Amino acid sequence: MSDFPFLSVLTVAPLVGAVVVALLPRSRPTLAKQVAFGWSLLVLALSVVMWVTFQVGGDRFQFRESYPWIPNWGVNFTFAADGIALVMLMLIAVLVPLVILASWHDAESSKRSIPVYFALLLVLECTMIGVFAAADVFLFYVFFEVMLVPMYFLIGSYGGHQRQYAAVKFFLYSLVGGLFMLAAVIGLWVVGGKTFDWVALSQVDISTGAERWLFLGFFVAFAIKAPFFPFHTWLPDAGGAAPAGAAALLVGVLDKVGTFGILRYCLPLFPDAAQWFAPWALALAVIGIIYAALLAVGQNDLKRLVSYTSIAHFGFIGVGIFAFTTQAGTGAVLYMVNHGLATGLLFLVVGMLIARRGSALVSDFGGAGKLVPVLAGVLFFAGLASLALPGTAPFVSEFLVLIGTFTVNKPVAVIATLGIILAAAYVLWMVQRTTQGTLNPALTEIDGMKRDLNLREKVVVAPLIALILVLGFYPKPVTDVINPAIQATMQDVGRTDPAPSVDTVQEASR
Amino acid sequence: MTELELPPIDYAAIAPILIMLGAAVVGVLIEAFVPRRLRHPVQLPLAVLAVLAALTMVVVNADKRVITIGVIAVDGPTLFLQGAILALSAVALLLLGERAVERGGAFVAQAAVTADSPEDRQQAEKAGGAGEVYPLTTFAIAGMLIFVSANDLLTMFIALEVFSLPLYLLCALARRRRLLSQEAAMKYFLLGAYASAFFLFGLALIYGFTAGLGDRAAGVDFATVNAAVANSTASPVLLFAGMALVAIGLLFKAAAAPFHVWTPDVYQGAPTPLTGFMAACTKVAAFGALLRVFHVAFEGARWDFTPVLGAVAVLTMLVGALFAVTQTDIKRLLAYSSIANAGYLLVGVLAPGSGGLSGTMFYLVAYGFTVLAAIAVVTLVRDADGEATHLSRWAGLGKRSPVYAAVFTFVLLAFAGIPMTSGFTSKFAVFGPALDGGQVWLVIAGVLTSMVLAFPYLRVVVLMWLSEPGDATPTVAVPGALTSAALVIGVLATLVLGVAPAPLLDLASSAADFVR
């Protein structure tokens, strides 16, 4: 079974599904939803088989496939997955069916074709899988850019208030980053001897000046995508305007392409430049943690609030990556997964709340827990997971990032820890103002608020809650997969973890 | 008395040119002798068949590498570019010959009738289009075929006139907005005449420069010029002045800044199918000539012309991208986009070696098909007064006619250089060799202007899909078979060259070698 071309099949399958769904008649929306949901479950099943087939402790890159594409430029359809890519692929496969289920009625308010909405979600899944599965820089770039198109239409056609502005801003920000990366991709191709193969490129010696410029080209694209401060301003707009399901994918998965790209491309391909730029990257990450958390506290729009919390979380991931220790790196990748689960859940629950109330403003709620106790409970749980309460999965990753960073860089770790306090502030205050306290009389007038979670919605949230709890107590299956990949990445950078017996003060003060 | 000896002529090698010229002459005779109502049904198939026959001859000639009659070089680039011109012309002819979308077609019967006079309005409403369109177009195609194969500046100049004059006339023939059309033709003609004069003057200076070669006679064939650049004892001022003036003439046709000012007016005023023909085929011809002149004749002066042409390229990209942002008319937007693309093509021209050459040739084909697809959609979006080219009118088109809006969106994404379209592969094809040749600043300028240029394209996408349709939103006409065919070919080529560009890239790189 290990010879089965998992990655290419996984990439192509959602695209085929998208074509099928798009061709279904507009008059039969339910059929389109069912086909899309069924198809995404097939992809999930295949991903589970792939997960089982992956040999923990085996080669760094597994499931490698390569087919020639444009031989004149040395471009191949090369797919391969290391542990980091594998967990991200798994996250996509889990999230997409849940998002489809959660978006069951989302497209109906927009007067636009419902089958097309679900087809776009499947196209998005195809490009997201492709971007994590690619092991050819050109192929990666292609998926990185094409990914924008379905997301653009999801936000622009099916989004809420200010969707046009948000869609264009999202597209332009990402495209600008992508074009910087294109220049760097071409540059890498020239200095790397006309090949795009990741393995070959990681062996190439690049002169210091060129390496720094190329690093910057890639880094800017990824920093916009992730997003890191100060490239983050598109995310609250996009996240606020996108339909809840699309927003969950946008923040839960799409943005991880940025941090994944840094780990897969910036560090191993340009190790010296990565070390040279690390203090700057750390500074941006730390500013992001504090600044975005402060802004999140002040938000009155639920979806924008969740978007800002994500920016803060991406700061943690950034710290974990640029600390250059195995612990912090593993923590960062684990954070990427857990954040996808926790924030995905938070976005979906918030979406359910907004759909009932017909408003995204915190001030329009109040005491909603009295009307919809189960929904309020799930929101509370999602909030706790998001602030990394011990026992939930994000705690493990945040803790790993902080101790991994503390061993080499105490100031950064200490400042980042402040972010945890702020996280408690924005999550708890938001929960208090929406679901606790005295009941807002206006809520009792609204029919939607009288319906608690139905079966479909329970099916959506249950797997996420279960995963968050399981990974909170037993993260080993995931860390075992991530760890070797991170060790290999840190070797590429040329950093070894400080041994516990050595005085680490000297290291930290560098 | 010595007997006058005719140079040997390789008729097979110049067969494509002869076929097109022959078809043009027959077309003129048809205008004279065939009854009016039969002219269009006869002319269009004749022109299309001639183009296909010429294309066949290009394919038959595929392995030829000769210079015949001393002035026509038939080599890889010539054949590739001739093939490109013919293939794009075939598609453009489909648009030019469409009569189902508008009664009588996009052209008017008599250009000379005073604009907006009662006679003029009457002929715009009723009369069929001029049949001369086809012989004029065929002459223009023949001129372009000579232009890209000319191995001598004088032949190049004659070819320039042969393909320019029909274009000036055709510009004046738009069925609607007659004044705008006549203005466009006048502007194009006057500025084109200046450009020709510059070219001719440059040619004379180059001739003077080659006189400095001791052991061989002065001349303007590229081998002599090339030798003179290497060895001439004459003042280099002659060379630089001559080179600059020749370049001005060619850059004018290529629509490069600062010689671009005619482009928006002409693209807007000309009959829309002709705009497509100019944007696709004239561009191929102009850049074909630029490639040959700078890669063959002035190769030895590369260090001297690269900074100047580089500055022109950057300026062209900037002007095209920045002015595109402010446009409110779709045809003017396409004009500025065409200017910006001329800048990217210049980056390819300046990239040393065969990589730049093949990349530029690939770009020309890819861009040509995409722009023809775009123009095909523009001809379809119309109301009672003809085409609705003002951008505000395109609002909500996605809801009225989702298929055409989707096609146009795809084309715009290709212009913006999104992967899986030919726009991306062609940008890579010119930027890659340029960076390889060390021209980092040109590539950076190209990338930065691409960012700016994405905005106007995206704005049109937003207008079409995300705005609500108003009362003013025009309907999309049902395309005739010809326009549908052109549209399908253009879109398919854009997709195929984006997804599987390898065959054409192979062809371009195997063709990337001039005979000298």
# chains A, B, ... in the order shown; residues from 1 in each chain; ligands from 1

$ residues_around --residues "Ala106 (chain B)" --least-positions-apart "2" --cutoff "7 Å" --atoms "only C-alpha atoms" --output "list in words"
Glu102, Gly104, Val108, Ala174, Arg175 and Pro271 of chain B

$ write_last_selection --atoms "all heavy atoms" --output "PDB file, in the first residue's frame"
ATOM      1  N   GLU B 102     -23.283  41.931 -35.088  1.00  0.00           N
ATOM      2  CA  GLU B 102     -23.792  43.242 -35.484  1.00  0.00           C
ATOM      3  C   GLU B 102     -24.112  43.170 -36.967  1.00  0.00           C
ATOM      4  O   GLU B 102     -23.351  42.581 -37.734  1.00  0.00           O
ATOM      5  CB  GLU B 102     -22.721  44.308 -35.228  1.00  0.00           C
ATOM      6  CG  GLU B 102     -23.076  45.642 -35.828  1.00  0.00           C
ATOM      7  CD  GLU B 102     -22.530  46.787 -35.007  1.00  0.00           C
ATOM      8  OE1 GLU B 102     -21.439  46.591 -34.456  1.00  0.00           O
ATOM      9  OE2 GLU B 102     -23.194  47.819 -34.918  1.00  0.00           O
ATOM     10  N   GLY B 104     -23.979  43.566 -40.592  1.00  0.00           N
ATOM     11  CA  GLY B 104     -22.976  44.132 -41.479  1.00  0.00           C
ATOM     12  C   GLY B 104     -21.572  44.055 -40.940  1.00  0.00           C
ATOM     13  O   GLY B 104     -20.626  44.441 -41.620  1.00  0.00           O
ATOM     14  N   VAL B 108     -17.507  49.584 -41.499  1.00  0.00           N
ATOM     15  CA  VAL B 108     -18.463  50.373 -42.241  1.00  0.00           C
ATOM     16  C   VAL B 108     -18.100  50.274 -43.724  1.00  0.00           C
ATOM     17  O   VAL B 108     -16.979  49.899 -44.068  1.00  0.00           O
ATOM     18  CB  VAL B 108     -18.446  51.815 -41.710  1.00  0.00           C
ATOM     19  CG1 VAL B 108     -17.305  52.598 -42.324  1.00  0.00           C
ATOM     20  CG2 VAL B 108     -19.769  52.482 -41.921  1.00  0.00           C
ATOM     21  N   ALA B 174     -14.434  51.856 -38.364  1.00  0.00           N
ATOM     22  CA  ALA B 174     -15.352  51.360 -37.337  1.00  0.00           C
ATOM     23  C   ALA B 174     -16.788  51.738 -37.671  1.00  0.00           C
ATOM     24  O   ALA B 174     -17.054  52.849 -38.139  1.00  0.00           O
ATOM     25  CB  ALA B 174     -14.978  51.914 -35.974  1.00  0.00           C
ATOM     26  N   ARG B 175     -17.714  50.833 -37.437  1.00  0.00           N
ATOM     27  CA  ARG B 175     -19.112  51.096 -37.767  1.00  0.00           C
ATOM     28  C   ARG B 175     -19.719  52.126 -36.822  1.00  0.00           C
ATOM     29  O   ARG B 175     -20.498  52.968 -37.229  1.00  0.00           O
ATOM     30  CB  ARG B 175     -19.896  49.789 -37.694  1.00  0.00           C
ATOM     31  CG  ARG B 175     -21.370  49.926 -37.978  1.00  0.00           C
ATOM     32  CD  ARG B 175     -22.016  48.576 -38.154  1.00  0.00           C
ATOM     33  NE  ARG B 175     -21.592  47.935 -39.393  1.00  0.00           N
ATOM     34  CZ  ARG B 175     -22.214  48.104 -40.569  1.00  0.00           C
ATOM     35  NH1 ARG B 175     -23.253  48.881 -40.644  1.00  0.00           N
ATOM     36  NH2 ARG B 175     -21.784  47.492 -41.635  1.00  0.00           N
ATOM     37  N   PRO B 271     -11.967  49.681 -34.900  1.00  0.00           N
ATOM     38  CA  PRO B 271     -12.962  48.618 -34.766  1.00  0.00           C
ATOM     39  C   PRO B 271     -12.389  47.530 -33.849  1.00  0.00           C
ATOM     40  O   PRO B 271     -11.224  47.164 -33.998  1.00  0.00           O
ATOM     41  CB  PRO B 271     -13.129  48.089 -36.190  1.00  0.00           C
ATOM     42  CG  PRO B 271     -12.545  49.127 -37.081  1.00  0.00           C
ATOM     43  CD  PRO B 271     -11.571  49.909 -36.288  1.00  0.00           C
TER      44      PRO B 271
END

$ interface_residues --of "chain A" --to "chain B" --cutoff "9 Å" --atoms "only C-alpha atoms" --output "number ranges by chain"
A: 69-73, 112, 141-143, 145-146, 149, 153, 156-157, 163-164, 167-168, 171-172, 175-176, 179-180, 182-183, 186-187, 189-191

$ write_last_selection --atoms "N, CA and C atoms" --output "mmCIF file, in the first residue's frame"
data_model
loop_
_atom_site.group_PDB
_atom_site.id
_atom_site.type_symbol
_atom_site.label_atom_id
_atom_site.label_comp_id
_atom_site.auth_asym_id
_atom_site.auth_seq_id
_atom_site.Cartn_x
_atom_site.Cartn_y
_atom_site.Cartn_z
ATOM 1 N N TRP A 69 6.952 17.756 -15.825
ATOM 2 C CA TRP A 69 5.919 18.711 -16.216
ATOM 3 C C TRP A 69 6.466 19.641 -17.301
ATOM 4 N N ILE A 70 7.401 20.502 -16.937
ATOM 5 C CA ILE A 70 7.988 21.396 -17.935
ATOM 6 C C ILE A 70 9.493 21.130 -17.931
ATOM 7 N N PRO A 71 9.949 20.146 -18.704
ATOM 8 C CA PRO A 71 11.359 19.761 -18.620
ATOM 9 C C PRO A 71 12.311 20.907 -18.963
ATOM 10 N N ASN A 72 11.849 21.846 -19.819
ATOM 11 C CA ASN A 72 12.735 22.952 -20.205
ATOM 12 C C ASN A 72 13.207 23.751 -19.002
ATOM 13 N N TRP A 73 12.371 23.831 -17.993
ATOM 14 C CA TRP A 73 12.738 24.610 -16.805
ATOM 15 C C TRP A 73 13.054 23.721 -15.617
ATOM 16 N N ARG A 112 -26.858 33.470 -4.392
ATOM 17 C CA ARG A 112 -25.989 32.948 -5.446
ATOM 18 C C ARG A 112 -26.077 31.433 -5.482
ATOM 19 N N TYR A 141 4.731 27.070 -5.545
ATOM 20 C CA TYR A 141 4.342 28.434 -5.875
ATOM 21 C C TYR A 141 3.018 28.449 -6.625
ATOM 22 N N VAL A 142 2.861 27.506 -7.551
ATOM 23 C CA VAL A 142 1.623 27.453 -8.330
ATOM 24 C C VAL A 142 0.416 27.283 -7.409
ATOM 25 N N PHE A 143 0.504 26.320 -6.489
ATOM 26 C CA PHE A 143 -0.620 26.113 -5.574
ATOM 27 C C PHE A 143 -0.798 27.318 -4.653
ATOM 28 N N GLU A 145 -0.358 30.398 -5.222
ATOM 29 C CA GLU A 145 -1.071 31.494 -5.874
ATOM 30 C C GLU A 145 -2.491 31.113 -6.247
ATOM 31 N N VAL A 146 -2.657 29.901 -6.782
ATOM 32 C CA VAL A 146 -3.985 29.503 -7.256
ATOM 33 C C VAL A 146 -4.965 29.441 -6.093
ATOM 34 N N VAL A 149 -7.629 32.143 -5.613
ATOM 35 C CA VAL A 149 -8.797 32.355 -6.469
ATOM 36 C C VAL A 149 -10.084 31.822 -5.819
ATOM 37 N N PHE A 153 -13.327 34.226 -4.269
ATOM 38 C CA PHE A 153 -14.745 34.168 -4.612
ATOM 39 C C PHE A 153 -15.597 33.750 -3.419
ATOM 40 N N GLY A 156 -15.769 37.069 -1.566
ATOM 41 C CA GLY A 156 -16.402 38.125 -2.335
ATOM 42 C C GLY A 156 -17.851 37.837 -2.685
ATOM 43 N N SER A 157 -18.166 36.569 -2.976
ATOM 44 C CA SER A 157 -19.522 36.268 -3.425
ATOM 45 C C SER A 157 -20.438 35.862 -2.285
ATOM 46 N N ARG A 163 -17.886 42.739 1.967
ATOM 47 C CA ARG A 163 -17.176 41.595 1.427
ATOM 48 C C ARG A 163 -16.307 41.951 0.235
ATOM 49 N N GLN A 164 -16.768 42.931 -0.579
ATOM 50 C CA GLN A 164 -15.961 43.292 -1.746
ATOM 51 C C GLN A 164 -14.609 43.837 -1.321
ATOM 52 N N ALA A 167 -12.476 41.089 0.106
ATOM 53 C CA ALA A 167 -11.975 40.131 -0.878
ATOM 54 C C ALA A 167 -10.828 40.727 -1.679
ATOM 55 N N VAL A 168 -11.000 41.973 -2.098
ATOM 56 C CA VAL A 168 -9.946 42.598 -2.897
ATOM 57 C C VAL A 168 -8.691 42.796 -2.067
ATOM 58 N N PHE A 171 -6.939 39.535 -1.708
ATOM 59 C CA PHE A 171 -6.292 39.097 -2.940
ATOM 60 C C PHE A 171 -5.034 39.907 -3.212
ATOM 61 N N LEU A 172 -5.146 41.225 -3.060
ATOM 62 C CA LEU A 172 -3.995 42.061 -3.398
ATOM 63 C C LEU A 172 -2.841 41.833 -2.430
ATOM 64 N N LEU A 175 -1.307 38.570 -3.310
ATOM 65 C CA LEU A 175 -0.648 38.607 -4.610
ATOM 66 C C LEU A 175 0.671 39.364 -4.532
ATOM 67 N N VAL A 176 0.687 40.450 -3.774
ATOM 68 C CA VAL A 176 1.939 41.202 -3.623
ATOM 69 C C VAL A 176 2.996 40.294 -3.003
ATOM 70 N N LEU A 179 4.180 37.774 -5.512
ATOM 71 C CA LEU A 179 5.075 38.242 -6.568
ATOM 72 C C LEU A 179 6.492 38.446 -6.037
ATOM 73 N N PHE A 180 6.606 38.899 -4.767
ATOM 74 C CA PHE A 180 7.951 38.939 -4.174
ATOM 75 C C PHE A 180 8.554 37.538 -4.196
ATOM 76 N N LEU A 182 7.766 35.166 -6.218
ATOM 77 C CA LEU A 182 8.085 34.752 -7.584
ATOM 78 C C LEU A 182 9.493 35.205 -7.959
ATOM 79 N N ALA A 183 9.816 36.463 -7.628
ATOM 80 C CA ALA A 183 11.165 36.942 -7.924
ATOM 81 C C ALA A 183 12.193 36.058 -7.227
ATOM 82 N N ILE A 186 12.470 32.603 -8.924
ATOM 83 C CA ILE A 186 13.296 32.639 -10.132
ATOM 84 C C ILE A 186 14.767 32.776 -9.744
ATOM 85 N N GLY A 187 15.025 33.624 -8.749
ATOM 86 C CA GLY A 187 16.401 33.784 -8.293
ATOM 87 C C GLY A 187 16.979 32.481 -7.783
ATOM 88 N N TRP A 189 16.084 29.536 -8.625
ATOM 89 C CA TRP A 189 16.243 28.660 -9.782
ATOM 90 C C TRP A 189 17.559 28.960 -10.490
ATOM 91 N N VAL A 190 17.881 30.256 -10.583
ATOM 92 C CA VAL A 190 19.113 30.631 -11.277
ATOM 93 C C VAL A 190 20.332 30.212 -10.459
ATOM 94 N N VAL A 191 20.352 30.542 -9.153
ATOM 95 C CA VAL A 191 21.546 30.190 -8.369
ATOM 96 C C VAL A 191 21.597 28.697 -8.088
#

$ select_by_dssp --residues "region 176-218 of chain A" --states "helix (DSSP H, G or I)" --output "PDB file with N, CA and C atoms, in the first residue's frame"
ATOM      1  N   VAL A 176       0.687  40.450  -3.774  1.00  0.00           N
ATOM      2  CA  VAL A 176       1.939  41.202  -3.623  1.00  0.00           C
ATOM      3  C   VAL A 176       2.996  40.294  -3.003  1.00  0.00           C
ATOM      4  N   GLY A 177       2.618  39.604  -1.940  1.00  0.00           N
ATOM      5  CA  GLY A 177       3.567  38.676  -1.333  1.00  0.00           C
ATOM      6  C   GLY A 177       4.000  37.617  -2.331  1.00  0.00           C
ATOM      7  N   GLY A 178       3.027  37.100  -3.058  1.00  0.00           N
ATOM      8  CA  GLY A 178       3.329  36.048  -4.022  1.00  0.00           C
ATOM      9  C   GLY A 178       4.299  36.520  -5.089  1.00  0.00           C
ATOM     10  N   LEU A 179       4.180  37.774  -5.512  1.00  0.00           N
ATOM     11  CA  LEU A 179       5.075  38.242  -6.568  1.00  0.00           C
ATOM     12  C   LEU A 179       6.492  38.446  -6.037  1.00  0.00           C
ATOM     13  N   PHE A 180       6.606  38.899  -4.767  1.00  0.00           N
ATOM     14  CA  PHE A 180       7.951  38.939  -4.174  1.00  0.00           C
ATOM     15  C   PHE A 180       8.554  37.538  -4.196  1.00  0.00           C
ATOM     16  N   MET A 181       7.696  36.576  -3.847  1.00  0.00           N
ATOM     17  CA  MET A 181       8.186  35.205  -3.811  1.00  0.00           C
ATOM     18  C   MET A 181       8.543  34.733  -5.209  1.00  0.00           C
ATOM     19  N   LEU A 182       7.766  35.166  -6.218  1.00  0.00           N
ATOM     20  CA  LEU A 182       8.085  34.752  -7.584  1.00  0.00           C
ATOM     21  C   LEU A 182       9.493  35.205  -7.959  1.00  0.00           C
ATOM     22  N   ALA A 183       9.816  36.463  -7.628  1.00  0.00           N
ATOM     23  CA  ALA A 183      11.165  36.942  -7.924  1.00  0.00           C
ATOM     24  C   ALA A 183      12.193  36.058  -7.227  1.00  0.00           C
ATOM     25  N   ALA A 184      11.912  35.702  -5.961  1.00  0.00           N
ATOM     26  CA  ALA A 184      12.857  34.868  -5.223  1.00  0.00           C
ATOM     27  C   ALA A 184      12.908  33.455  -5.798  1.00  0.00           C
ATOM     28  N   VAL A 185      11.753  32.956  -6.253  1.00  0.00           N
ATOM     29  CA  VAL A 185      11.725  31.606  -6.834  1.00  0.00           C
ATOM     30  C   VAL A 185      12.606  31.571  -8.078  1.00  0.00           C
ATOM     31  N   ILE A 186      12.470  32.603  -8.924  1.00  0.00           N
ATOM     32  CA  ILE A 186      13.296  32.639 -10.132  1.00  0.00           C
ATOM     33  C   ILE A 186      14.767  32.776  -9.744  1.00  0.00           C
ATOM     34  N   GLY A 187      15.025  33.624  -8.749  1.00  0.00           N
ATOM     35  CA  GLY A 187      16.401  33.784  -8.293  1.00  0.00           C
ATOM     36  C   GLY A 187      16.979  32.481  -7.783  1.00  0.00           C
ATOM     37  N   LEU A 188      16.182  31.762  -7.027  1.00  0.00           N
ATOM     38  CA  LEU A 188      16.630  30.475  -6.480  1.00  0.00           C
ATOM     39  C   LEU A 188      16.924  29.494  -7.601  1.00  0.00           C
ATOM     40  N   TRP A 189      16.084  29.536  -8.625  1.00  0.00           N
ATOM     41  CA  TRP A 189      16.243  28.660  -9.782  1.00  0.00           C
ATOM     42  C   TRP A 189      17.559  28.960 -10.490  1.00  0.00           C
ATOM     43  N   VAL A 190      17.881  30.256 -10.583  1.00  0.00           N
ATOM     44  CA  VAL A 190      19.113  30.631 -11.277  1.00  0.00           C
ATOM     45  C   VAL A 190      20.332  30.212 -10.459  1.00  0.00           C
ATOM     46  N   VAL A 191      20.352  30.542  -9.153  1.00  0.00           N
ATOM     47  CA  VAL A 191      21.546  30.190  -8.369  1.00  0.00           C
ATOM     48  C   VAL A 191      21.597  28.697  -8.088  1.00  0.00           C
ATOM     49  N   TRP A 198      13.201  20.331  -4.380  1.00  0.00           N
ATOM     50  CA  TRP A 198      13.505  20.816  -3.042  1.00  0.00           C
ATOM     51  C   TRP A 198      14.789  20.187  -2.508  1.00  0.00           C
ATOM     52  N   VAL A 199      14.913  18.873  -2.706  1.00  0.00           N
ATOM     53  CA  VAL A 199      16.079  18.177  -2.152  1.00  0.00           C
ATOM     54  C   VAL A 199      17.360  18.704  -2.788  1.00  0.00           C
ATOM     55  N   ALA A 200      17.328  18.883  -4.117  1.00  0.00           N
ATOM     56  CA  ALA A 200      18.529  19.385  -4.790  1.00  0.00           C
ATOM     57  C   ALA A 200      18.841  20.801  -4.336  1.00  0.00           C
ATOM     58  N   LEU A 201      17.806  21.628  -4.188  1.00  0.00           N
ATOM     59  CA  LEU A 201      18.032  23.024  -3.829  1.00  0.00           C
ATOM     60  C   LEU A 201      18.569  23.150  -2.409  1.00  0.00           C
ATOM     61  N   SER A 202      18.173  22.214  -1.530  1.00  0.00           N
ATOM     62  CA  SER A 202      18.635  22.346  -0.155  1.00  0.00           C
ATOM     63  C   SER A 202      20.128  22.016  -0.032  1.00  0.00           C
ATOM     64  N   THR A 208      26.303  34.824   0.499  1.00  0.00           N
ATOM     65  CA  THR A 208      25.587  35.421   1.627  1.00  0.00           C
ATOM     66  C   THR A 208      24.578  36.465   1.180  1.00  0.00           C
ATOM     67  N   GLY A 209      25.004  37.373   0.284  1.00  0.00           N
ATOM     68  CA  GLY A 209      24.109  38.446  -0.133  1.00  0.00           C
ATOM     69  C   GLY A 209      22.874  37.897  -0.815  1.00  0.00           C
ATOM     70  N   ALA A 210      23.102  37.004  -1.793  1.00  0.00           N
ATOM     71  CA  ALA A 210      21.972  36.437  -2.534  1.00  0.00           C
ATOM     72  C   ALA A 210      21.045  35.698  -1.592  1.00  0.00           C
ATOM     73  N   GLU A 211      21.644  34.971  -0.637  1.00  0.00           N
ATOM     74  CA  GLU A 211      20.828  34.177   0.271  1.00  0.00           C
ATOM     75  C   GLU A 211      19.889  35.069   1.071  1.00  0.00           C
ATOM     76  N   ARG A 212      20.408  36.212   1.517  1.00  0.00           N
ATOM     77  CA  ARG A 212      19.555  37.095   2.323  1.00  0.00           C
ATOM     78  C   ARG A 212      18.410  37.660   1.504  1.00  0.00           C
ATOM     79  N   TRP A 213      18.703  38.065   0.274  1.00  0.00           N
ATOM     80  CA  TRP A 213      17.622  38.609  -0.569  1.00  0.00           C
ATOM     81  C   TRP A 213      16.569  37.552  -0.857  1.00  0.00           C
ATOM     82  N   LEU A 214      17.038  36.332  -1.180  1.00  0.00           N
ATOM     83  CA  LEU A 214      16.087  35.269  -1.490  1.00  0.00           C
ATOM     84  C   LEU A 214      15.243  34.947  -0.263  1.00  0.00           C
ATOM     85  N   PHE A 215      15.899  34.894   0.899  1.00  0.00           N
ATOM     86  CA  PHE A 215      15.164  34.645   2.141  1.00  0.00           C
ATOM     87  C   PHE A 215      14.068  35.685   2.311  1.00  0.00           C
ATOM     88  N   LEU A 216      14.452  36.951   2.074  1.00  0.00           N
ATOM     89  CA  LEU A 216      13.473  38.027   2.260  1.00  0.00           C
ATOM     90  C   LEU A 216      12.283  37.870   1.325  1.00  0.00           C
ATOM     91  N   GLY A 217      12.565  37.511   0.059  1.00  0.00           N
ATOM     92  CA  GLY A 217      11.489  37.330  -0.913  1.00  0.00           C
ATOM     93  C   GLY A 217      10.489  36.304  -0.429  1.00  0.00           C
ATOM     94  N   PHE A 218      11.004  35.160   0.035  1.00  0.00           N
ATOM     95  CA  PHE A 218      10.105  34.124   0.541  1.00  0.00           C
ATOM     96  C   PHE A 218       9.440  34.589   1.834  1.00  0.00           C
TER      97      PHE A 218
END

$ atom_distance --atom1 "CA of Leu165 (chain B)" --atom2 "CA of Tyr188 (chain B)"
9.9 Å

$ atom_distance --atom1 "CA of Ala90 (chain B)" --atom2 "CA of Ala384 (chain B)"
28.9 Å

$ select_by_dssp --residues "region 339-510 of chain B" --states "strand (DSSP E or B)" --output "ChimeraX atom specification"
/B:381-383,386-387,390,475-476

$ residues_around --residues "Val460 (chain A)" --least-positions-apart "4" --cutoff "9 Å" --atoms "only C-alpha atoms" --output "ChimeraX atom specification"
/A:97-99,101-102,345,348,455-456,464

$ write_last_selection --atoms "C-alpha atoms" --output "compact mmCIF listing (two decimals), in the first residue's frame"
# COMPACT_ATOMS: atom_id res chain seq x y z
CA PRO A 97 -16.06 17.87 5.95
CA LEU A 98 -16.92 19.65 9.19
CA VAL A 99 -16.86 23.01 7.46
CA LEU A 101 -21.50 20.39 7.29
CA ALA A 102 -21.40 23.62 9.26
CA LEU A 345 -14.12 25.36 16.31
CA LEU A 348 -17.74 27.67 13.51
CA LEU A 455 -28.08 17.35 15.42
CA ARG A 456 -26.11 18.56 12.41
CA LEU A 464 -13.40 18.89 17.18

$ residues_around --residues "Leu88 (chain B)" --least-positions-apart "4" --cutoff "8 Å" --atoms "only C-alpha atoms" --output "number ranges by chain"
B: 84, 92, 277, 280-281, 365, 368-369

$ write_last_selection --atoms "N, CA, C and O atoms" --output "mmCIF file, in the first residue's frame"
data_model
loop_
_atom_site.group_PDB
_atom_site.id
_atom_site.type_symbol
_atom_site.label_atom_id
_atom_site.label_comp_id
_atom_site.auth_asym_id
_atom_site.auth_seq_id
_atom_site.Cartn_x
_atom_site.Cartn_y
_atom_site.Cartn_z
ATOM 1 N N ALA B 84 3.545 32.091 -35.703
ATOM 2 C CA ALA B 84 2.745 32.771 -34.672
ATOM 3 C C ALA B 84 1.830 33.806 -35.313
ATOM 4 O O ALA B 84 0.636 33.873 -35.004
ATOM 5 N N ALA B 92 -7.775 36.087 -35.515
ATOM 6 C CA ALA B 92 -8.235 37.473 -35.653
ATOM 7 C C ALA B 92 -9.173 37.612 -36.846
ATOM 8 O O ALA B 92 -10.151 38.361 -36.785
ATOM 9 N N PHE B 277 -6.437 42.303 -33.566
ATOM 10 C CA PHE B 277 -5.421 41.967 -34.566
ATOM 11 C C PHE B 277 -4.133 42.735 -34.305
ATOM 12 O O PHE B 277 -3.033 42.170 -34.334
ATOM 13 N N ALA B 280 -2.367 41.555 -31.019
ATOM 14 C CA ALA B 280 -1.732 40.245 -31.108
ATOM 15 C C ALA B 280 -0.641 40.224 -32.172
ATOM 16 O O ALA B 280 0.527 39.953 -31.882
ATOM 17 N N CYS B 281 -0.997 40.547 -33.425
ATOM 18 C CA CYS B 281 -0.077 40.304 -34.537
ATOM 19 C C CYS B 281 0.969 41.403 -34.695
ATOM 20 O O CYS B 281 2.146 41.120 -34.924
ATOM 21 N N VAL B 365 3.399 34.535 -28.378
ATOM 22 C CA VAL B 365 2.296 33.641 -28.748
ATOM 23 C C VAL B 365 1.260 33.610 -27.639
ATOM 24 O O VAL B 365 0.053 33.765 -27.870
ATOM 25 N N GLY B 368 -0.671 36.853 -27.347
ATOM 26 C CA GLY B 368 -1.537 37.061 -28.499
ATOM 27 C C GLY B 368 -2.859 36.336 -28.350
ATOM 28 O O GLY B 368 -3.932 36.911 -28.554
ATOM 29 N N PHE B 369 -2.808 35.061 -27.965
ATOM 30 C CA PHE B 369 -4.054 34.306 -27.839
ATOM 31 C C PHE B 369 -4.914 34.861 -26.707
ATOM 32 O O PHE B 369 -6.137 34.956 -26.836
#
